[in-house]
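J.: Input structure: model16.cif, which contains mmCIF, C-alpha atoms.
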```
data_work
loop_
_atom_site.group_PDB
_atom_site.id
_atom_site.type_symbol
_atom_site.label_atom_id
_atom_site.label_comp_id
_atom_site.auth_asym_id
_atom_site.auth_seq_id
_atom_site.Cartn_x
_atom_site.Cartn_y
_atom_site.Cartn_z
ATOM 1 C CA MET A 1171 193.006 -36.803 66.004
ATOM 2 C CA LYS A 1172 194.561 -36.712 69.454
ATOM 3 C CA ALA A 1173 191.106 -36.640 71.073
ATOM 4 C CA LEU A 1174 190.026 -39.673 69.030
ATOM 5 C CA LYS A 1175 193.192 -41.540 69.966
ATOM 6 C CA LYS A 1176 192.692 -40.684 73.629
ATOM 7 C CA THR A 1177 189.058 -41.845 73.497
ATOM 8 C CA GLY A 1178 190.093 -45.114 71.853
ATOM 9 C CA THR A 1179 192.713 -45.683 74.533
ATOM 10 C CA ILE A 1180 190.151 -45.107 77.272
ATOM 11 C CA VAL A 1181 187.647 -47.487 75.658
ATOM 12 C CA ILE A 1182 190.281 -50.196 75.266
ATOM 13 C CA SER A 1183 191.395 -49.760 78.859
ATOM 14 C CA VAL A 1184 187.810 -49.992 80.141
ATOM 15 C CA LEU A 1185 187.150 -53.145 78.111
ATOM 16 C CA LEU A 1186 190.342 -54.763 79.268
ATOM 17 C CA TRP A 1187 189.670 -53.941 82.896
ATOM 18 C CA LEU A 1188 186.152 -55.309 82.461
ATOM 19 C CA VAL A 1189 187.658 -58.544 81.222
ATOM 20 C CA ILE A 1190 189.929 -58.597 84.242
ATOM 21 C CA LEU A 1191 186.944 -58.124 86.541
ATOM 22 C CA VAL A 1192 185.095 -60.955 84.803
ATOM 23 C CA ALA A 1193 188.189 -63.125 85.124
ATOM 24 C CA ALA A 1194 188.432 -62.272 88.795
ATOM 25 C CA LEU A 1195 184.754 -63.120 89.295
ATOM 26 C CA TYR A 1196 185.260 -66.385 87.457
ATOM 27 C CA ALA A 1197 188.284 -67.248 89.562
ATOM 28 C CA PHE A 1198 186.428 -66.361 92.721
ATOM 29 C CA THR A 1199 183.337 -68.418 91.869
ATOM 30 C CA THR A 1200 185.631 -71.302 90.950
ATOM 31 C CA ILE A 1201 187.413 -71.314 94.297
ATOM 32 C CA ALA A 1202 184.232 -70.547 96.236
ATOM 33 C CA THR A 1203 183.733 -74.223 96.923
ATOM 34 C CA ARG A 1204 183.598 -76.345 99.978
ATOM 35 C CA ASP A 1205 186.889 -76.885 101.767
ATOM 36 C CA ASN A 1206 186.755 -78.294 105.256
ATOM 37 C CA GLN A 1207 183.306 -76.808 105.808
ATOM 38 C CA ASN A 1208 184.470 -73.387 104.628
ATOM 39 C CA VAL A 1209 183.405 -71.372 101.573
ATOM 40 C CA SER A 1210 185.439 -68.540 100.105
ATOM 41 C CA SER A 1211 183.925 -65.082 100.377
ATOM 42 C CA LEU A 1212 184.750 -61.506 99.427
ATOM 43 C CA LEU A 1213 183.698 -58.865 101.953
ATOM 44 C CA GLY A 1214 181.345 -61.463 103.369
ATOM 45 C CA TYR A 1215 179.688 -62.280 100.020
ATOM 46 C CA THR A 1216 179.954 -65.517 98.024
ATOM 47 C CA PRO A 1217 178.721 -65.835 94.396
ATOM 48 C CA LEU A 1218 177.436 -69.279 93.413
ATOM 49 C CA VAL A 1219 176.026 -70.743 90.210
ATOM 50 C CA VAL A 1220 172.586 -72.381 90.527
ATOM 51 C CA LYS A 1221 172.589 -75.941 89.168
ATOM 52 C CA SER A 1222 168.896 -76.851 89.411
ATOM 53 C CA ASP A 1223 165.384 -75.367 89.299
ATOM 54 C CA SER A 1224 164.483 -76.465 92.828
ATOM 55 C CA MET A 1225 163.967 -72.809 93.848
ATOM 56 C CA ALA A 1226 162.142 -71.634 90.706
ATOM 57 C CA PRO A 1227 160.743 -69.075 90.165
ATOM 58 C CA THR A 1228 162.763 -67.302 92.908
ATOM 59 C CA PHE A 1229 165.890 -68.243 90.994
ATOM 60 C CA SER A 1230 166.572 -70.953 88.408
ATOM 61 C CA ALA A 1231 169.362 -73.049 86.991
ATOM 62 C CA GLY A 1232 171.948 -70.845 85.298
ATOM 63 C CA ASP A 1233 171.399 -67.879 87.604
ATOM 64 C CA LEU A 1234 174.195 -66.420 89.690
ATOM 65 C CA ILE A 1235 173.178 -65.991 93.323
ATOM 66 C CA PHE A 1236 174.905 -64.109 96.123
ATOM 67 C CA ILE A 1237 175.186 -65.470 99.633
ATOM 68 C CA LYS A 1238 176.088 -63.283 102.604
ATOM 69 C CA LYS A 1239 177.518 -64.505 105.862
ATOM 70 C CA CYS A 1240 175.098 -63.955 108.724
ATOM 71 C CA ASP A 1241 174.445 -64.557 112.391
ATOM 72 C CA THR A 1242 172.400 -67.764 112.418
ATOM 73 C CA SER A 1243 170.538 -66.597 115.500
ATOM 74 C CA THR A 1244 168.857 -63.924 113.368
ATOM 75 C CA LEU A 1245 167.486 -66.429 110.850
ATOM 76 C CA LYS A 1246 163.773 -67.078 110.761
ATOM 77 C CA GLU A 1247 161.359 -69.290 108.910
ATOM 78 C CA GLY A 1248 160.963 -68.216 105.270
ATOM 79 C CA ASP A 1249 164.571 -67.065 104.900
ATOM 80 C CA ILE A 1250 166.571 -68.594 102.055
ATOM 81 C CA ILE A 1251 169.914 -70.000 103.173
ATOM 82 C CA CYS A 1252 172.899 -71.748 101.616
ATOM 83 C CA PHE A 1253 174.167 -74.768 103.528
ATOM 84 C CA HIS A 1254 176.376 -77.834 103.317
ATOM 85 C CA THR A 1255 174.525 -81.072 102.706
ATOM 86 C CA ILE A 1256 174.628 -84.449 100.968
ATOM 87 C CA ILE A 1257 172.985 -84.746 97.529
ATOM 88 C CA ASP A 1258 173.028 -88.079 95.692
ATOM 89 C CA ASN A 1259 175.618 -89.339 98.149
ATOM 90 C CA GLU A 1260 177.950 -86.472 97.321
ATOM 91 C CA TYR A 1261 179.026 -83.539 99.411
ATOM 92 C CA ALA A 1262 177.437 -80.353 98.002
ATOM 93 C CA LEU A 1263 176.139 -76.873 98.642
ATOM 94 C CA ASN A 1264 172.412 -76.293 98.506
ATOM 95 C CA THR A 1265 170.298 -73.147 98.713
ATOM 96 C CA HIS A 1266 166.721 -73.619 99.958
ATOM 97 C CA ARG A 1267 164.143 -71.858 102.058
ATOM 98 C CA ILE A 1268 163.804 -72.494 105.817
ATOM 99 C CA GLN A 1269 160.538 -74.312 106.394
ATOM 100 C CA LYS A 1270 160.911 -74.949 110.100
ATOM 101 C CA ILE A 1271 163.286 -74.102 112.963
ATOM 102 C CA ASP A 1272 163.568 -76.401 116.000
ATOM 103 C CA THR A 1273 165.376 -75.321 119.164
ATOM 104 C CA VAL A 1274 166.789 -77.684 121.772
ATOM 105 C CA GLY A 1275 168.556 -75.712 124.489
ATOM 106 C CA ASP A 1276 170.987 -73.418 122.721
ATOM 107 C CA ALA A 1277 171.096 -75.598 119.607
ATOM 108 C CA ARG A 1278 168.952 -74.958 116.581
ATOM 109 C CA SER A 1279 168.120 -77.266 113.690
ATOM 110 C CA TYR A 1280 166.585 -76.303 110.375
ATOM 111 C CA THR A 1281 164.218 -78.065 108.038
ATOM 112 C CA THR A 1282 164.559 -76.704 104.484
ATOM 113 C CA LEU A 1283 162.430 -76.917 101.378
ATOM 114 C CA GLY A 1284 162.860 -75.931 97.745
ATOM 115 C CA ASP A 1285 160.140 -73.628 96.386
ATOM 116 C CA ASN A 1286 159.739 -75.928 93.366
ATOM 117 C CA ASN A 1287 159.900 -79.270 95.205
ATOM 118 C CA ASN A 1288 156.118 -79.717 95.543
ATOM 119 C CA GLY A 1289 156.169 -79.352 99.332
ATOM 120 C CA VAL A 1290 158.647 -82.190 99.879
ATOM 121 C CA ALA A 1291 161.177 -81.098 102.516
ATOM 122 C CA ASP A 1292 164.861 -81.895 102.261
ATOM 123 C CA ALA A 1293 165.853 -85.228 103.765
ATOM 124 C CA HIS A 1294 168.706 -83.873 105.866
ATOM 125 C CA ILE A 1295 168.121 -81.677 108.897
ATOM 126 C CA ILE A 1296 170.860 -79.082 109.168
ATOM 127 C CA SER A 1297 172.405 -77.243 112.095
ATOM 128 C CA ASP A 1298 174.037 -73.840 112.583
ATOM 129 C CA GLY A 1299 177.438 -75.236 111.621
ATOM 130 C CA ASP A 1300 176.184 -76.299 108.196
ATOM 131 C CA ILE A 1301 174.971 -72.839 107.199
ATOM 132 C CA VAL A 1302 177.162 -70.813 104.805
ATOM 133 C CA GLY A 1303 175.002 -67.699 104.728
ATOM 134 C CA LYS A 1304 171.781 -66.055 103.677
ATOM 135 C CA TYR A 1305 170.599 -65.498 100.097
ATOM 136 C CA VAL A 1306 170.563 -61.746 99.293
ATOM 137 C CA GLY A 1307 170.104 -61.547 95.518
ATOM 138 C CA ASP A 1308 170.842 -62.989 92.103
ATOM 139 C CA LEU A 1309 171.795 -62.198 88.503
ATOM 140 C CA PRO A 1310 169.539 -64.099 86.082
ATOM 141 C CA LYS A 1311 171.455 -66.295 83.621
ATOM 142 C CA ALA A 1312 174.811 -64.880 84.727
ATOM 143 C CA GLY A 1313 175.677 -68.327 86.003
ATOM 144 C CA LYS A 1314 175.688 -69.580 82.410
ATOM 145 C CA VAL A 1315 178.460 -67.124 81.701
ATOM 146 C CA MET A 1316 180.438 -68.613 84.576
ATOM 147 C CA ASP A 1317 179.756 -72.121 83.244
ATOM 148 C CA PHE A 1318 180.995 -71.041 79.799
ATOM 149 C CA LEU A 1319 184.092 -69.563 81.351
ATOM 150 C CA SER A 1320 184.716 -72.831 83.153
ATOM 151 C CA SER A 1321 184.957 -74.638 79.796
ATOM 152 C CA SER A 1322 188.334 -74.803 78.047
ATOM 153 C CA MET A 1323 187.163 -72.848 75.002
ATOM 154 C CA GLY A 1324 185.388 -70.203 77.057
ATOM 155 C CA PHE A 1325 188.364 -69.752 79.362
ATOM 156 C CA LEU A 1326 190.670 -69.397 76.365
ATOM 157 C CA ILE A 1327 188.456 -66.927 74.462
ATOM 158 C CA VAL A 1328 187.177 -64.778 77.328
ATOM 159 C CA ILE A 1329 190.008 -64.950 79.830
ATOM 160 C CA VAL A 1330 193.346 -66.019 78.362
ATOM 161 C CA LEU A 1331 193.162 -64.158 75.026
ATOM 162 C CA PRO A 1332 192.001 -60.791 76.477
ATOM 163 C CA MET A 1333 194.552 -61.065 79.261
ATOM 164 C CA LEU A 1334 197.243 -61.698 76.675
ATOM 165 C CA LEU A 1335 196.068 -58.696 74.655
ATOM 166 C CA PHE A 1336 196.015 -56.607 77.796
ATOM 167 C CA PHE A 1337 199.570 -57.674 78.593
ATOM 168 C CA ILE A 1338 200.737 -56.838 75.060
ATOM 169 C CA TYR A 1339 198.955 -53.476 75.222
ATOM 170 C CA GLN A 1340 200.641 -52.631 78.528
ATOM 171 C CA VAL A 1341 204.052 -53.639 77.155
ATOM 172 C CA TYR A 1342 203.406 -51.430 74.108
ATOM 173 C CA ASN A 1343 202.514 -48.530 76.392
ATOM 174 C CA LEU A 1344 205.695 -49.058 78.406
ATOM 175 C CA ILE A 1345 207.777 -49.099 75.213
ATOM 176 C CA MET A 1346 206.151 -45.889 73.939
ATOM 177 C CA ILE A 1347 206.680 -44.223 77.314
ATOM 178 C CA ALA A 1348 210.331 -45.284 77.241
ATOM 179 C CA ILE A 1349 210.747 -43.877 73.705
ATOM 180 C CA ARG A 1350 209.126 -40.565 74.646
ATOM 181 C CA LEU A 1351 211.269 -40.379 77.775
ATOM 182 C CA LYS A 1352 214.407 -41.073 75.736
ATOM 183 C CA LYS A 1353 213.496 -38.312 73.270
ATOM 184 C CA ALA A 1354 212.815 -35.902 76.109
ATOM 185 C CA VAL A 1355 216.175 -36.733 77.695
ATOM 186 C CA ALA A 1356 217.949 -36.243 74.330
ATOM 187 C CA VAL A 1357 216.273 -32.856 73.812
ATOM 188 C CA GLU A 1358 217.132 -31.761 77.334
ATOM 189 C CA THR A 1359 220.739 -32.921 76.897
ATOM 190 C CA ALA A 1360 221.043 -31.008 73.612
ATOM 191 C CA ARG A 1361 219.598 -27.899 75.230
ATOM 192 C CA GLU A 1362 221.993 -28.142 78.166
ATOM 193 C CA THR A 1363 224.923 -28.666 75.755
ATOM 194 C CA ALA A 1364 223.949 -25.581 73.743
ATOM 195 C CA ILE A 1365 223.667 -23.523 76.931
ATOM 196 C CA ALA A 1366 227.055 -24.787 78.105
ATOM 197 C CA GLN A 1367 228.664 -23.906 74.757
ATOM 198 C CA GLU A 1368 227.140 -20.440 74.833
ATOM 199 C CA GLU A 1369 228.364 -19.861 78.380
ATOM 200 C CA ALA A 1370 231.842 -21.098 77.420
ATOM 201 C CA ALA A 1371 231.927 -18.703 74.447
ATOM 202 C CA GLN A 1372 230.855 -15.800 76.625
ATOM 203 C CA LYS A 1373 233.467 -16.717 79.208
ATOM 204 C CA ALA A 1374 236.184 -16.963 76.555
ATOM 205 C CA ALA A 1375 235.198 -13.568 75.164
ATOM 206 C CA ALA A 1376 235.294 -12.058 78.633
ATOM 207 C CA GLN A 1377 238.774 -13.522 79.268
ATOM 208 C CA ARG A 1378 240.224 -12.399 75.886
ATOM 209 C CA PRO A 1379 243.391 -10.232 76.649
ATOM 210 C CA GLU A 1380 243.484 -6.524 75.833
ATOM 211 C CA PRO A 1381 245.941 -5.315 73.127
ATOM 212 C CA SER A 1382 249.503 -5.126 74.515
ATOM 213 C CA GLU A 1383 251.613 -1.913 74.738
ATOM 214 C CA ALA A 1384 253.756 -3.120 71.846
ATOM 215 C CA GLN A 1385 250.684 -3.442 69.700
ATOM 216 C CA ASN A 1386 249.570 0.019 70.793
ATOM 217 C CA GLU A 1387 253.018 1.474 69.964
ATOM 218 C CA ALA A 1388 253.066 -0.288 66.581
ATOM 219 C CA GLU A 1389 249.688 1.119 65.765
ATOM 220 C CA ALA A 1390 250.805 4.593 66.875
ATOM 221 C CA ALA A 1391 253.992 4.354 64.763
ATOM 222 C CA LYS A 1392 251.961 3.210 61.790
ATOM 223 C CA ALA A 1393 249.640 6.175 62.228
ATOM 224 C CA ALA A 1394 252.634 8.579 62.537
ATOM 225 C CA LEU A 1395 254.209 7.106 59.394
ATOM 226 C CA GLU A 1396 250.985 7.560 57.527
ATOM 227 C CA GLU A 1397 250.787 11.154 58.728
ATOM 228 C CA ALA A 1398 254.405 11.799 57.629
ATOM 229 C CA ARG A 1399 253.677 10.361 54.241
ATOM 230 C CA LYS A 1400 250.735 12.686 53.824
ATOM 231 C CA MET A 1401 252.822 15.679 54.939
ATOM 232 C CA ARG A 1402 255.595 14.765 52.453
ATOM 233 C CA GLU A 1403 253.080 14.500 49.638
ATOM 234 C CA GLU A 1404 251.705 17.917 50.563
ATOM 235 C CA ALA A 1405 255.230 19.392 50.720
ATOM 236 C CA GLU A 1406 256.122 18.004 47.302
ATOM 237 C CA ALA A 1407 252.909 19.400 45.892
ATOM 238 C CA ILE A 1408 253.742 22.836 47.350
ATOM 239 C CA ARG A 1409 257.332 22.703 46.002
ATOM 240 C CA ALA A 1410 256.120 21.679 42.535
ATOM 241 C CA LYS A 1411 253.689 24.566 42.576
ATOM 242 C CA ALA A 1412 256.390 27.006 43.679
ATOM 243 C CA GLU A 1413 258.760 25.809 40.984
ATOM 244 C CA LYS A 1414 256.059 26.255 38.395
ATOM 245 C CA GLU A 1415 255.305 29.772 39.599
ATOM 246 C CA LEU A 1416 259.020 30.604 39.561
ATOM 247 C CA ALA A 1417 259.377 29.310 35.999
ATOM 248 C CA ASP A 1418 256.409 31.345 34.921
ATOM 249 C CA ALA A 1419 257.872 34.459 36.546
ATOM 250 C CA ARG A 1420 261.237 33.946 34.844
ATOM 251 C CA LYS A 1421 259.520 33.499 31.505
ATOM 252 C CA GLN A 1422 257.576 36.687 31.931
ATOM 253 C CA GLN A 1423 260.750 38.512 33.002
ATOM 254 C CA GLY A 1424 262.537 37.306 29.851
ATOM 255 C CA GLN A 1425 259.763 38.559 27.641
ATOM 256 C CA SER A 1426 259.870 41.961 29.355
ATOM 257 C CA ASP A 1427 263.618 42.321 28.832
ATOM 258 C CA SER A 1428 263.301 41.573 25.091
ATOM 259 C CA GLY A 1429 260.753 44.372 24.675
ATOM 260 C CA ASP A 1430 263.016 46.932 26.316
ATOM 261 C CA ASP A 1431 265.919 46.055 23.979
ATOM 262 C CA GLN A 1432 263.805 46.587 20.879
ATOM 263 C CA THR A 1433 262.681 50.026 22.105
ATOM 264 C CA LYS A 1434 266.254 51.097 22.660
ATOM 265 C CA GLU A 1435 267.320 50.044 19.170
ATOM 266 C CA GLU A 1436 264.475 51.954 17.531
ATOM 267 C CA GLY A 1437 265.493 55.092 19.408
ATOM 268 C CA THR A 1438 269.034 54.901 18.133
ATOM 269 C CA GLU A 1439 268.077 54.569 14.515
ATOM 270 C CA SER A 1440 266.120 57.788 14.711
#
```
I need this file expressed as structure tokens, please.

T.:
Amino acid sequence: MKALKKTGTIVISVLLWLVILVAALYAFTTIATRDNQNVSSLLGYTPLVVKSDSMAPTFSAGDLIFIKKCDTSTLKEGDIICFHTIIDNEYALNTHRIQKIDTVGDARSYTTLGDNNNGVADAHIISDGDIVGKYVGDLPKAGKVMDFLSSSMGFLIVIVLPMLLFFIYQVYNLIMIAIRLKKAVAVETARETAIAQEEAAQKAAAQRPEPSEAQNEAEAAKAALEEARKMREEAEAIRAKAEKELADARKQQGQSDSGDDQTKEEGTES
């Protein structure tokens, strides 16, 4: 039973931490947007959701791609890069393949092209300052999960509710820990009290005074009185026995004297 409970606790903890990781990824992809030409990154990596099929089949709309910061001087034609640009008169991030690199002095400019754009290059030529990083991988369809999480219902179901459950679960654990700690303290207090009482009893027994001389003399007198009583009883028994023997002797003596008188009278008559 305990093993099953422990396993269930571990599973719940793993699921809850997984939800937290998903929530963190969602929060990160949400804030990983343009802000004064900067894009948020974690350890140099930025996850982004693909919004179109311009790079299909390399990656498609709904995929989650990962962009890594890089030294632009190491880029070459054929690399896939993420960069700031203008799309439909709006500021946006785009991820396309480098078709051509032009160098003028120390400055480089890049012509980009989507793999699924039928060979039509992007209208805007970009520079080193526009580049966010280099494409390093993707998770197919994971971007749809991020899009769902960005909706009110998805955020409530996948993020808010599990986080609330996780919070309640942690509070429950804290309460149970507090209860167990309280019980342990009560048991320890009771044990210490019992030990203290036992030590006090032993100490009291050790400090108990010895019988006084008066008590000793009273006990001795009582013993002497008891001995005298016994001796008196024995003396009375001896005296009663002697009196009985004396009475018996007198009786026998009386009978003997009567016999002698009868003998004398018979002699006279003859």

J.: Taking the file as shown, what set of residues would the PyMOL selection byres ((chain A and resi 1238) around 6) give back, as a list in words?

T.: Gly1214, Tyr1215, Ile1237, Lys1239, Gly1303 and Lys1304 of chain A

J.: Within 8 Å of Leu1263 (chain A), counting only C-alpha atoms, which residues show up once you throw out same-chain ones fewer than 4 positions away? Write them as a list in words, please.

T.: Arg1204, Cys1252, Phe1253, His1254 and Thr1255 of chain A

J.: Around all the atoms of region 1406-1418 of chain A listed in the file, with 6 Å of room on each side, what axis-aligned box do you get, giving centre and edge lengths in Å to one decimal, as JSON?

T.:
```
{"center_x": 256.1, "center_y": 24.7, "center_z": 41.1, "size_x": 18.5, "size_y": 25.3, "size_z": 24.4}
```

J.: I'd like to know which of A:Ala1293, A:Thr1273, A:Thr1228, A:Glu1397 is closest to Ile1257 (chain A), using all atoms listed in the file.

T.: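 Looking only at the distances to Ile1257 (chain A), the closest residue turns out to be A:Ala1293.
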
J.: Point out the residue among A:Val1355, A:Met1333, A:Ala1398, A:Leu1344 with the least atom-to-atom distance to Val1189 (chain A), counting all atoms listed in the file.

T.: A:Met1333

J.: What is the CA of Asp1233 (chain A) to CA of Lys1311 (chain A) distance in Å?

T.: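 Interatomic distance here is 4.3 Å.
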
J.: At what distance in Å, to one decimal, does CA of Leu1326 (chain A) lie from CA of Thr1177 (chain A)?

T.: 27.7 Å

J.: With the file shown as input, list the residues that the PyMOL selection byres ((chain A and resi 1270) around 12) selects, as a list in words.

T.: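 With the PyMOL selection byres ((chain A and resi 1270) around 12) on this model, the match is Leu1245, Lys1246, Glu1247, Gly1248, Asp1249, Ile1250, His1266, Arg1267, Ile1268, Gln1269, Ile1271, Asp1272, Thr1273, Arg1278, Ser1279, Tyr1280, Thr1281, Thr1282, Leu1283, Ala1291, Asp1292, Ile1295, Ile1296 and Ser1297 of chain A.
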
J.: Using CA of Gln1340 (chain A) and CA of Lys1176 (chain A) as the two end points, give the distance in Å to one decimal.

T.: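 It comes out at 15.2 Å.
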
J.: Between A:Phe1318, A:Tyr1261, A:Tyr1342, A:Trp1187, which residue has the minimum interatomic distance to Val1219 (chain A), considering all atoms listed in the file?

T.: A:Phe1318

J.: Evaluate the PyMOL selection byres ((chain A and resi 1308) around 9) here and jot the selected residues down as a list in words.

T.: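 Written out, the selection comes to Pro1217, Phe1229, Asp1233, Leu1234, Ile1235, Phe1236, Tyr1305, Val1306, Gly1307, Leu1309, Pro1310 and Ala1312 of chain A.
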
J.: Let's have the selection written as a PDB file, in the frame of the given file, with C-alpha atoms.

T.:
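Okay, selection-v2.pdb is ready:
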```
ATOM      1  CA  PRO A1217     178.721 -65.835  94.396  1.00  0.00           C
ATOM      2  CA  PHE A1229     165.890 -68.243  90.994  1.00  0.00           C
ATOM      3  CA  ASP A1233     171.399 -67.879  87.604  1.00  0.00           C
ATOM      4  CA  LEU A1234     174.195 -66.420  89.690  1.00  0.00           C
ATOM      5  CA  ILE A1235     173.178 -65.991  93.323  1.00  0.00           C
ATOM      6  CA  PHE A1236     174.905 -64.109  96.123  1.00  0.00           C
ATOM      7  CA  TYR A1305     170.599 -65.498 100.097  1.00  0.00           C
ATOM      8  CA  VAL A1306     170.563 -61.746  99.293  1.00  0.00           C
ATOM      9  CA  GLY A1307     170.104 -61.547  95.518  1.00  0.00           C
ATOM     10  CA  LEU A1309     171.795 -62.198  88.503  1.00  0.00           C
ATOM     11  CA  PRO A1310     169.539 -64.099  86.082  1.00  0.00           C
ATOM     12  CA  ALA A1312     174.811 -64.880  84.727  1.00  0.00           C
TER      13      ALA A1312
END
```
